[in-house]
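Remarks on the structure that follows.
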Amino acid sequence: MKNLNKIFVAVLMVMGLNAQAQDSNNPWAITFGVNAVDTRAGASGDELVNKFNQPFKVKESWNILPSVSYLNVSKSVGAGFTFGVTGSVNKITKLVSRDAADNYVVTNPGDLTYYGADGIIRYSFMNLINSKVIDPSAHIGGGYTWMGDYDTGTVNGGLGLTLWFTETVGLSLQSTYKKTFGNVIPSHVQHFAGLTFKFGGKDTDGDGVYDKDDACPEVAGPKELNGCPDTDGDGVLDKDDACPEVAGLADFQGCPDTDGDGIADKDDACPEVAGIKSLKGCPDTDGDGIADKDDKCPTVKGPRENGGCPWPDTDGDGVLDKDDKCPTVKGTAANNGCPEISEEQITKLNAYAKTILFNSGKATFKQETFAVLQSITAILKEFPSSKFSIEGHTDSDGKDAMNQKLSEERAGAVKNYLIENGIAADRLTSTGYGESKPIDTNKTAKGKANNRRVEVKLVK
């Protein structure tokens, strides 16, 4: 009996693994009945066709237990496929083999107990033949077989036929060839005959129409309307009625059109006032493409970006505020409405930049330099659309690599100070040139002092 326990454990495991929601009616099925084991296939040679062309010699070679001897539990997984498990039990009193003359010989191996636990994937051809009664099928799978003191895995395949007496009750017939591994237990054919009961169908709203066939599975309705109600009585079913509680017109999915502008109230942003379809049923007095309800200047044409009003030019520089990057300060069109920095201002910037002092060999500022940096910041803020490059330079003292690094760090320090004090980061870049661009001799202290500098250049 311990092997029988294994069968039922396997059944319960598979049922648990397949407890997933299905849309079809009665997705679960249970089948029970009798089974017969015929070992003639294991003695029929190697050709695959021989496995199925053996005559049905029931008395001579079939092993049948005269009681309910198999149970199958399966579940629909959609598209005509079901997955299930079968547990079966039998007594082997007729074992078929071949003698030296190649004749079939039937022997009694001693009432061997037979157990089978199999998983199968079944495909039904019922929809293909457009029948509600005849249900032919094919299946494949695998499992495990115990015979007496021996056991083995199997690869299975076969055919079946179910005749449905009602929607949920049918007679099932099935033949399965089981290819065993090893020579201890012979390959064999197992035949099944039993009753199948389908269950699990849902009728959520309790209106007598299965959810699968119910066009409104969660709301009760009459069968003649496929389970759907028509609450407002306008001739449009609630499931198709966009306004199920208010009587309307079929042309508008059951919704009314109060203002008669050809737009259903549910889609009309101005349901009490006739309008145009492109503006969701609202009027547009000035014809600027903006509905009056959204137009800040409903009687004067203007762009949508300005709420339907004409664009102003606050600073009067000929550049509209929408295009003016400096809308409150007069500038030039060439500079997007912002004032342009002059050469005089650039010269002033660099005069300040030359007085930026760093601690020796470092990229940190001396205290007296901060006033200079504030002056540079103030000039850059006057020209908010201009971009600048901060360049660092050193004298020739020390190694080239060290000077290059120092010049980059000093230029970066100036850039970071400006950003921290309100200059947009995307307006600034920094680079270092080390000792590569001297403006004076490196042979005198004064010349070296001139070469140690920071320059601010306008990026055009």
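Letters A, B, ... go to the chains of the structure tokens in the order shown; residues in each chain start at 1; ligands are counted from 1 in the same order.
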
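Residues with any atom within 6 Å of region 407-420 of chain A, counting only C-alpha atoms and excluding same-chain neighbours fewer than 4 positions away, are Ala363, Ile390, Glu391, Gly392, His393, Ala424, Ala425, Ser430, Thr431, Gly432 and Gly434 of chain A.
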
Inset, instruction - Run DSSP on the backbone of this structure and report the residues of region 308-378 of chain A it assigns to strand (DSSP E or B), as a PyMOL selection string. - result: chain A and resi 332+338+358+365

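For Phe370 (chain A), the residues within 9 Å (counting only C-alpha atoms, excluding itself and residues fewer than 5 positions away along the chain) are Ile356, Phe365 and Ser375 of chain A.
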
Inset, instruction - Find the spatial neighbours of Ala138 (chain A), counting only C-alpha atoms, within a cut-off of 12 Å - ignore same-chain residues fewer than 2 positions away - and output them as a list in words. - result: Gly80, Phe81, Thr82, Ile120, Ile121, Arg122, Tyr123, Ser124, Phe125, Met126, Asp135, Pro136, Ile140, Gly141, Asn156, Gly157, Gly158, Leu159, Gly160, Leu161, Thr162, Leu173, Gln174, Ser175, Thr176 and Tyr177 of chain A

Inset, instruction - Please indicate the distance in Å from CA of Asp240 (chain A) to CA of Leu279 (chain A), rounded to one decimal place. - result: 25.4 Å

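Among the candidates A:Thr180, A:Lys446, A:Gly281, A:Ser360, the residue lying nearest to Asp259 (chain A) is A:Gly281 (atoms considered: only C-alpha atoms).
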
Legend entry - Best match for closeness to Asp111 (chain A) among A:Ser74, A:Gln367, A:Ser278, A:Thr93, counting only C-alpha atoms: A:Thr93

Inset, instruction - Find the residues near Ile30 (chain A): any atom within 9 Å, counting only C-alpha atoms, skip ones fewer than 5 places away on the same chain, and give them as an NGL selection string. - result: :A and (71-75 or 195-199)

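If only C-alpha atoms are the atoms counted, then among A:Thr145, A:Arg40, A:Pro244, A:Phe83 the closest residue to Thr107 (chain A) is A:Arg40.
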
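Near Cys216 (chain A), within 8 Å and counting only C-alpha atoms, sit Asp211, Gly221, Asn226, Gly227, Cys228 and Lys239 of chain A, not including residues fewer than 5 positions from it in the same chain.
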
Selected residues written out, N, CA and C atoms, as a short mmCIF file (atom, residue, chain, number, x, y, z; two decimals), in the first residue's frame:
```cif
data_model
loop_
_atom_site.label_atom_id
_atom_site.label_comp_id
_atom_site.auth_asym_id
_atom_site.auth_seq_id
_atom_site.Cartn_x
_atom_site.Cartn_y
_atom_site.Cartn_z
N ASP A 211 -20.06 32.01 -16.42
CA ASP A 211 -19.22 33.20 -16.65
C ASP A 211 -18.64 33.21 -18.06
N GLY A 221 -28.32 39.26 -15.32
CA GLY A 221 -29.17 39.69 -16.42
C GLY A 221 -29.86 38.48 -17.02
N ASN A 226 -27.92 37.37 -22.99
CA ASN A 226 -26.58 36.83 -22.67
C ASN A 226 -26.12 37.23 -21.27
N GLY A 227 -27.09 37.32 -20.36
CA GLY A 227 -26.74 37.60 -18.96
C GLY A 227 -26.49 39.05 -18.66
N CYS A 228 -26.86 39.96 -19.58
CA CYS A 228 -26.61 41.39 -19.36
C CYS A 228 -27.92 42.14 -19.11
N LYS A 239 -23.73 46.55 -20.85
CA LYS A 239 -22.34 46.25 -21.17
C LYS A 239 -21.84 47.06 -22.36
#
```

Inset, instruction - Using CA of Gly119 (chain A) and CA of Ser97 (chain A) as the two end points, give the distance in Å to one decimal. - result: 27.6 Å

Legend entry - Polymer residues at most 12 Å from Val105 (chain A), only C-alpha atoms, same-chain spacing of 6 or more positions, as a PyMOL selection string: chain A and resi 39-40+43-44+60-61+94-99

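Of the residues under consideration (A:Thr166, A:Ser131, A:Asn63, A:Asn421), A:Asn63 shows the shortest atom-to-atom contact distance to Val106 (chain A) when counting only C-alpha atoms.
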